[in-house]
Amino acid sequence: MNINYSMPTRVIMSDGCIAANGGLMRSLGKKALIVTGRSSARVNGAYADVVDALTANGQDFALYDKVMSNPTVACAYAGAAVAVSEKCDFVIAIGGGSPMDAAKGIAVLAVNKVAPSDIFSVNVINALPIAAVPTTAGTGSEVTQYAILTNDAACTKTSISSPELFPRIAFLDAKYTKSLGKDVAINTAVDALSHAVEGMLSARSSPISDALALDGIELISECFEALESGTLTDSVREKLLLASTLAGMVIANTGTTAVHAMGYSLTYFHDIDHGRANGLTLGYFLEFVSKTEPGLVENILRAMNKKTVADFQKALDMLLGKHEKITAVQIGTYAEKAFNTKNIGNCKVKPSKEELIIILTKAVG
Ligand code: NAP
Ligand code: ZN
């Protein structure tokens, strides 16, 4: 057995966890830059809870609230400029994966001089400390070392990865996800499912990451009906948030696979939400892997309480609805782009470019 598992983020989950544990942020610095999206954190209560905790700690803060979905490199530079001018010495991310990833980019750029053309190749050896408050239940960015930014130079999304980017603390309070619309709740849950499944299909999976992944898959599958009907109880929201953090712990150790590689083009060129973009190909990638590794796929299906890959696909499609359609030329281009990513080397069963074309054609052809 060969295990190399790491998870340095302190994870605190409860109703009211920021009020009860906000004192932990004292160790992060004197002045925070709060990084968030345009509005949701003010509606769901997370922003007020963070501000109250900082005030109780006697810590100052500045605000950068201009993070858009699929954050750009320019957004990370703009946030870093605020961090520098306001003399912030730590960062608190509040929101979905977009603000959390932007906050990580900001944490790097605030203390490193990096040209925009070098941002995806920089070896990050220091960054401002980060605390994360997820308000979607999907990306798991609160427990990963990845900052995924839109890479216009390469027409895709690319990650900056460094152990320095693991948030020091993640505060999980499911009540912040109450204000999520049905589509975002579904797309983010599907992203988390994709992380857990891809983690098991990764060449870097281990018994520890598999245990987390299987738990995550089971939890998410228990929420499928509620997601479909749009009637999420508090306990379902808690399950989804826990599952997304477990799945984040998985990909922090396994990375993602061909599914995310294909999804990046669907998001970049067709503006399809990240989680949905993954969900569109997930079942077909599972079908592809099942031909070589049937036992592995059976384990995943068992956790989903499904007998066949077709049952898995059917359940997923109940959430996703009708798939988008793209042209054969576009499929060829995206298969080529996906094939050239490191995600393919990360797959236990490595697809050829032609096999990616088949998967994409079944999904969105
Ligand atoms: P998101 O882009 O962060 O947010 C999507 C939308 O949901 C935004 O309009 C946001 O509004 C809103 N929203 C967030 N929380 C809400 C709440 N509690 N109530 C109502 N609306 C809320 O979506 P996401 O799916 O969480 O994140 C996707 C990003 O994460 C992608 O860029 C993806 O590449 C990245 N990702 C990162 C990792 C990683 O390990 N780093 C892993 C997977 C995915 P506001 O703008 O007003 O906040
Ligand atoms: Zn993802």
# chains A, B, ... in the order shown; residues from 1 in each chain; ligands from 1
>>> residues_near_ligand(ligand="ligand 1", cutoff="8 Å", atoms="only C-alpha atoms and all ligand atoms", output="count of residues only")
60
>>> select_by_dssp(residues="stretch 22-132 of chain A", states="strand (DSSP E or B)", output="PyMOL selection string")
chain A and resi 31-36+60-64+72+90-95+130-132
>>> write_last_selection(atoms="all heavy atoms", output="short mmCIF file (atom, residue, chain, number, x, y, z; two decimals), in the first residue's frame")
data_model
loop_
_atom_site.label_atom_id
_atom_site.label_comp_id
_atom_site.auth_asym_id
_atom_site.auth_seq_id
_atom_site.Cartn_x
_atom_site.Cartn_y
_atom_site.Cartn_z
N LYS A 31 -5.57 42.55 9.91
CA LYS A 31 -6.59 43.16 9.05
C LYS A 31 -6.93 42.22 7.90
O LYS A 31 -6.05 41.81 7.14
CB LYS A 31 -6.09 44.50 8.53
CG LYS A 31 -7.12 45.22 7.65
CD LYS A 31 -6.73 46.65 7.36
CE LYS A 31 -7.79 47.32 6.50
NZ LYS A 31 -7.48 48.72 6.19
N ALA A 32 -8.21 41.92 7.77
CA ALA A 32 -8.66 40.97 6.74
C ALA A 32 -9.10 41.70 5.48
O ALA A 32 -9.65 42.79 5.55
CB ALA A 32 -9.84 40.17 7.27
N LEU A 33 -8.88 41.05 4.33
CA LEU A 33 -9.59 41.45 3.12
C LEU A 33 -10.71 40.42 2.95
O LEU A 33 -10.44 39.23 2.78
CB LEU A 33 -8.69 41.44 1.89
CG LEU A 33 -9.45 41.84 0.61
CD1 LEU A 33 -9.79 43.34 0.64
CD2 LEU A 33 -8.65 41.52 -0.64
N ILE A 34 -11.95 40.89 3.06
CA ILE A 34 -13.08 40.00 2.80
C ILE A 34 -13.31 39.97 1.29
O ILE A 34 -13.50 41.02 0.67
CB ILE A 34 -14.35 40.47 3.54
CG1 ILE A 34 -14.12 40.48 5.06
CG2 ILE A 34 -15.54 39.59 3.18
CD1 ILE A 34 -15.30 40.99 5.87
N VAL A 35 -13.28 38.77 0.72
CA VAL A 35 -13.45 38.62 -0.72
C VAL A 35 -14.76 37.88 -0.97
O VAL A 35 -14.97 36.79 -0.44
CB VAL A 35 -12.28 37.81 -1.32
CG1 VAL A 35 -12.49 37.57 -2.82
CG2 VAL A 35 -10.96 38.53 -1.08
N THR A 36 -15.64 38.50 -1.75
CA THR A 36 -16.94 37.86 -1.96
C THR A 36 -17.51 38.24 -3.32
O THR A 36 -16.91 39.01 -4.08
CB THR A 36 -17.90 38.21 -0.79
OG1 THR A 36 -19.08 37.42 -0.91
CG2 THR A 36 -18.26 39.68 -0.73
N ASP A 60 -9.53 44.55 12.10
CA ASP A 60 -10.02 45.47 11.08
C ASP A 60 -10.28 44.67 9.79
O ASP A 60 -9.80 43.55 9.64
CB ASP A 60 -8.94 46.54 10.87
CG ASP A 60 -9.50 47.80 10.22
OD1 ASP A 60 -10.72 47.83 9.93
OD2 ASP A 60 -8.69 48.72 9.98
N PHE A 61 -10.99 45.27 8.84
CA PHE A 61 -11.18 44.58 7.55
C PHE A 61 -11.44 45.58 6.44
O PHE A 61 -11.87 46.70 6.67
CB PHE A 61 -12.32 43.56 7.63
CG PHE A 61 -13.69 44.17 7.80
CD1 PHE A 61 -14.46 44.50 6.69
CD2 PHE A 61 -14.20 44.43 9.06
CE1 PHE A 61 -15.71 45.08 6.84
CE2 PHE A 61 -15.45 45.01 9.22
CZ PHE A 61 -16.20 45.34 8.11
N ALA A 62 -11.14 45.15 5.21
CA ALA A 62 -11.53 45.87 3.99
C ALA A 62 -12.32 44.88 3.15
O ALA A 62 -12.32 43.67 3.43
CB ALA A 62 -10.29 46.34 3.23
N LEU A 63 -13.02 45.40 2.14
CA LEU A 63 -13.91 44.54 1.36
C LEU A 63 -13.58 44.59 -0.12
O LEU A 63 -13.37 45.67 -0.69
CB LEU A 63 -15.36 45.03 1.57
CG LEU A 63 -16.46 44.34 0.76
CD1 LEU A 63 -16.59 42.87 1.14
CD2 LEU A 63 -17.80 45.05 0.97
N TYR A 64 -13.53 43.42 -0.75
CA TYR A 64 -13.48 43.34 -2.22
C TYR A 64 -14.64 42.46 -2.65
O TYR A 64 -14.63 41.24 -2.45
CB TYR A 64 -12.14 42.76 -2.70
CG TYR A 64 -12.07 42.65 -4.20
CD1 TYR A 64 -11.94 43.80 -4.99
CD2 TYR A 64 -12.19 41.43 -4.85
CE1 TYR A 64 -11.92 43.72 -6.38
CE2 TYR A 64 -12.17 41.34 -6.23
CZ TYR A 64 -12.03 42.50 -6.99
OH TYR A 64 -12.02 42.42 -8.37
N THR A 72 -11.78 35.96 -13.29
CA THR A 72 -10.72 36.22 -14.26
C THR A 72 -9.40 36.52 -13.52
O THR A 72 -9.39 36.81 -12.33
CB THR A 72 -11.07 37.45 -15.11
OG1 THR A 72 -11.27 38.55 -14.19
CG2 THR A 72 -12.35 37.24 -15.90
N PHE A 90 -4.42 39.14 5.93
CA PHE A 90 -5.04 37.85 5.65
C PHE A 90 -6.30 38.04 4.84
O PHE A 90 -6.75 39.18 4.63
CB PHE A 90 -5.27 37.03 6.93
CG PHE A 90 -6.33 37.52 7.88
CD1 PHE A 90 -7.54 36.82 8.01
CD2 PHE A 90 -6.14 38.63 8.68
CE1 PHE A 90 -8.51 37.21 8.91
CE2 PHE A 90 -7.11 39.04 9.60
CZ PHE A 90 -8.30 38.34 9.71
N VAL A 91 -6.85 36.93 4.33
CA VAL A 91 -7.98 36.98 3.41
C VAL A 91 -9.09 36.08 3.94
O VAL A 91 -8.82 34.98 4.41
CB VAL A 91 -7.54 36.48 2.00
CG1 VAL A 91 -8.72 36.45 1.05
CG2 VAL A 91 -6.44 37.35 1.44
N ILE A 92 -10.33 36.58 3.88
CA ILE A 92 -11.48 35.72 4.20
C ILE A 92 -12.36 35.64 2.95
O ILE A 92 -12.83 36.65 2.46
CB ILE A 92 -12.32 36.28 5.37
CG1 ILE A 92 -11.43 36.51 6.60
CG2 ILE A 92 -13.47 35.33 5.71
CD1 ILE A 92 -12.17 37.18 7.77
N ALA A 93 -12.54 34.43 2.44
CA ALA A 93 -13.37 34.22 1.26
C ALA A 93 -14.78 33.83 1.71
O ALA A 93 -14.93 32.94 2.54
CB ALA A 93 -12.79 33.10 0.41
N ILE A 94 -15.78 34.52 1.16
CA ILE A 94 -17.17 34.15 1.45
C ILE A 94 -17.89 33.96 0.12
O ILE A 94 -17.94 34.90 -0.69
CB ILE A 94 -17.93 35.25 2.23
CG1 ILE A 94 -17.14 35.71 3.46
CG2 ILE A 94 -19.31 34.75 2.64
CD1 ILE A 94 -17.80 36.90 4.19
N GLY A 95 -18.44 32.77 -0.10
CA GLY A 95 -19.20 32.57 -1.33
C GLY A 95 -19.02 31.19 -1.89
O GLY A 95 -18.58 30.26 -1.21
N ILE A 130 -5.53 32.27 4.58
CA ILE A 130 -6.91 32.33 4.06
C ILE A 130 -7.87 31.61 5.01
O ILE A 130 -7.55 30.53 5.52
CB ILE A 130 -6.98 31.62 2.68
CG1 ILE A 130 -6.00 32.25 1.68
CG2 ILE A 130 -8.41 31.62 2.12
CD1 ILE A 130 -5.64 31.33 0.52
N ALA A 131 -9.03 32.21 5.24
CA ALA A 131 -10.15 31.49 5.87
C ALA A 131 -11.26 31.44 4.82
O ALA A 131 -11.38 32.36 4.00
CB ALA A 131 -10.65 32.23 7.11
N ALA A 132 -12.04 30.37 4.81
CA ALA A 132 -13.07 30.22 3.77
C ALA A 132 -14.43 29.90 4.37
O ALA A 132 -14.54 29.10 5.30
CB ALA A 132 -12.67 29.12 2.79
#
>>> atom_distance(atom1="atom CA of A:Ser352", atom2="atom CA of A:Ser162")
28.9 Å
>>> closest_residue(among="A:Asn21, A:Ser194, A:Asn57, A:Ser85", to="ligand 2", atoms="only C-alpha atoms and all ligand atoms")
A:Ser194
>>> closest_residue(among="A:Pro116, A:Gly295, A:Gly255, A:Gly321", to="ligand 2", atoms="only C-alpha atoms and all ligand atoms")
A:Gly255
>>> closest_residue(among="A:Leu193, A:Ala56, A:Val349, A:Val297", to="ligand 2", atoms="only C-alpha atoms and all ligand atoms")
A:Leu193
>>> decode(residues="stretch 20-34 of chain A", atoms="all heavy atoms", output="compact mmCIF listing (two decimals), in the first residue's frame")
# COMPACT_ATOMS: atom_id res chain seq x y z
N ALA A 20 -19.49 31.05 17.10
CA ALA A 20 -18.92 30.25 18.20
C ALA A 20 -17.40 30.12 18.11
O ALA A 20 -16.74 29.94 19.14
CB ALA A 20 -19.56 28.86 18.20
N ASN A 21 -16.87 30.18 16.89
CA ASN A 21 -15.43 29.90 16.71
C ASN A 21 -14.66 31.00 16.01
O ASN A 21 -13.50 30.80 15.62
CB ASN A 21 -15.26 28.60 15.90
CG ASN A 21 -15.92 27.42 16.56
OD1 ASN A 21 -15.37 26.83 17.47
ND2 ASN A 21 -17.14 27.10 16.12
N GLY A 22 -15.29 32.16 15.83
CA GLY A 22 -14.64 33.25 15.09
C GLY A 22 -13.33 33.68 15.71
O GLY A 22 -12.46 34.22 15.01
N GLY A 23 -13.16 33.43 17.01
CA GLY A 23 -11.91 33.79 17.69
C GLY A 23 -10.69 33.13 17.06
O GLY A 23 -9.57 33.64 17.17
N LEU A 24 -10.92 32.02 16.36
CA LEU A 24 -9.80 31.33 15.70
C LEU A 24 -9.14 32.20 14.64
O LEU A 24 -7.98 31.99 14.28
CB LEU A 24 -10.29 30.03 15.05
CG LEU A 24 -10.71 28.92 16.00
CD1 LEU A 24 -11.38 27.79 15.23
CD2 LEU A 24 -9.50 28.41 16.77
N MET A 25 -9.89 33.18 14.13
CA MET A 25 -9.32 34.03 13.06
C MET A 25 -8.30 35.02 13.61
O MET A 25 -7.57 35.64 12.84
CB MET A 25 -10.45 34.76 12.32
CG MET A 25 -11.27 33.82 11.46
SD MET A 25 -12.38 34.67 10.34
CE MET A 25 -13.65 35.26 11.43
N ARG A 26 -8.25 35.16 14.94
CA ARG A 26 -7.25 36.07 15.54
C ARG A 26 -5.84 35.72 15.10
O ARG A 26 -5.01 36.58 14.90
CB ARG A 26 -7.31 36.00 17.07
CG ARG A 26 -8.42 36.79 17.66
CD ARG A 26 -8.18 37.03 19.16
NE ARG A 26 -9.37 37.61 19.73
CZ ARG A 26 -10.31 36.92 20.36
NH1 ARG A 26 -10.18 35.62 20.55
NH2 ARG A 26 -11.39 37.52 20.83
N SER A 27 -5.59 34.41 14.98
CA SER A 27 -4.22 33.98 14.66
C SER A 27 -3.84 34.27 13.21
O SER A 27 -2.68 34.13 12.83
CB SER A 27 -4.08 32.48 14.92
OG SER A 27 -4.90 31.78 14.01
N LEU A 28 -4.82 34.66 12.37
CA LEU A 28 -4.53 34.83 10.94
C LEU A 28 -3.90 36.19 10.62
O LEU A 28 -3.21 36.33 9.61
CB LEU A 28 -5.79 34.63 10.11
CG LEU A 28 -6.47 33.26 10.23
CD1 LEU A 28 -7.66 33.17 9.28
CD2 LEU A 28 -5.49 32.14 9.95
N GLY A 29 -4.18 37.20 11.43
CA GLY A 29 -3.60 38.51 11.14
C GLY A 29 -4.36 39.63 11.81
O GLY A 29 -5.27 39.39 12.61
N LYS A 30 -3.98 40.86 11.43
CA LYS A 30 -4.58 42.04 12.07
C LYS A 30 -5.73 42.61 11.24
O LYS A 30 -6.69 43.14 11.77
CB LYS A 30 -3.51 43.13 12.22
CG LYS A 30 -2.46 42.83 13.28
CD LYS A 30 -1.61 44.09 13.54
CE LYS A 30 -0.63 43.91 14.68
NZ LYS A 30 0.36 42.85 14.41
N LYS A 31 -5.57 42.55 9.91
CA LYS A 31 -6.59 43.16 9.05
C LYS A 31 -6.93 42.22 7.90
O LYS A 31 -6.05 41.81 7.14
CB LYS A 31 -6.09 44.50 8.53
CG LYS A 31 -7.12 45.22 7.65
CD LYS A 31 -6.73 46.65 7.36
CE LYS A 31 -7.79 47.32 6.50
NZ LYS A 31 -7.48 48.72 6.19
N ALA A 32 -8.21 41.92 7.77
CA ALA A 32 -8.66 40.97 6.74
C ALA A 32 -9.10 41.70 5.48
O ALA A 32 -9.65 42.79 5.55
CB ALA A 32 -9.84 40.17 7.27
N LEU A 33 -8.88 41.05 4.33
CA LEU A 33 -9.59 41.45 3.12
C LEU A 33 -10.71 40.42 2.95
O LEU A 33 -10.44 39.23 2.78
CB LEU A 33 -8.69 41.44 1.89
CG LEU A 33 -9.45 41.84 0.61
CD1 LEU A 33 -9.79 43.34 0.64
CD2 LEU A 33 -8.65 41.52 -0.64
N ILE A 34 -11.95 40.89 3.06
CA ILE A 34 -13.08 40.00 2.80
C ILE A 34 -13.31 39.97 1.29
O ILE A 34 -13.50 41.02 0.67
CB ILE A 34 -14.35 40.47 3.54
CG1 ILE A 34 -14.12 40.48 5.06
CG2 ILE A 34 -15.54 39.59 3.18
CD1 ILE A 34 -15.30 40.99 5.87
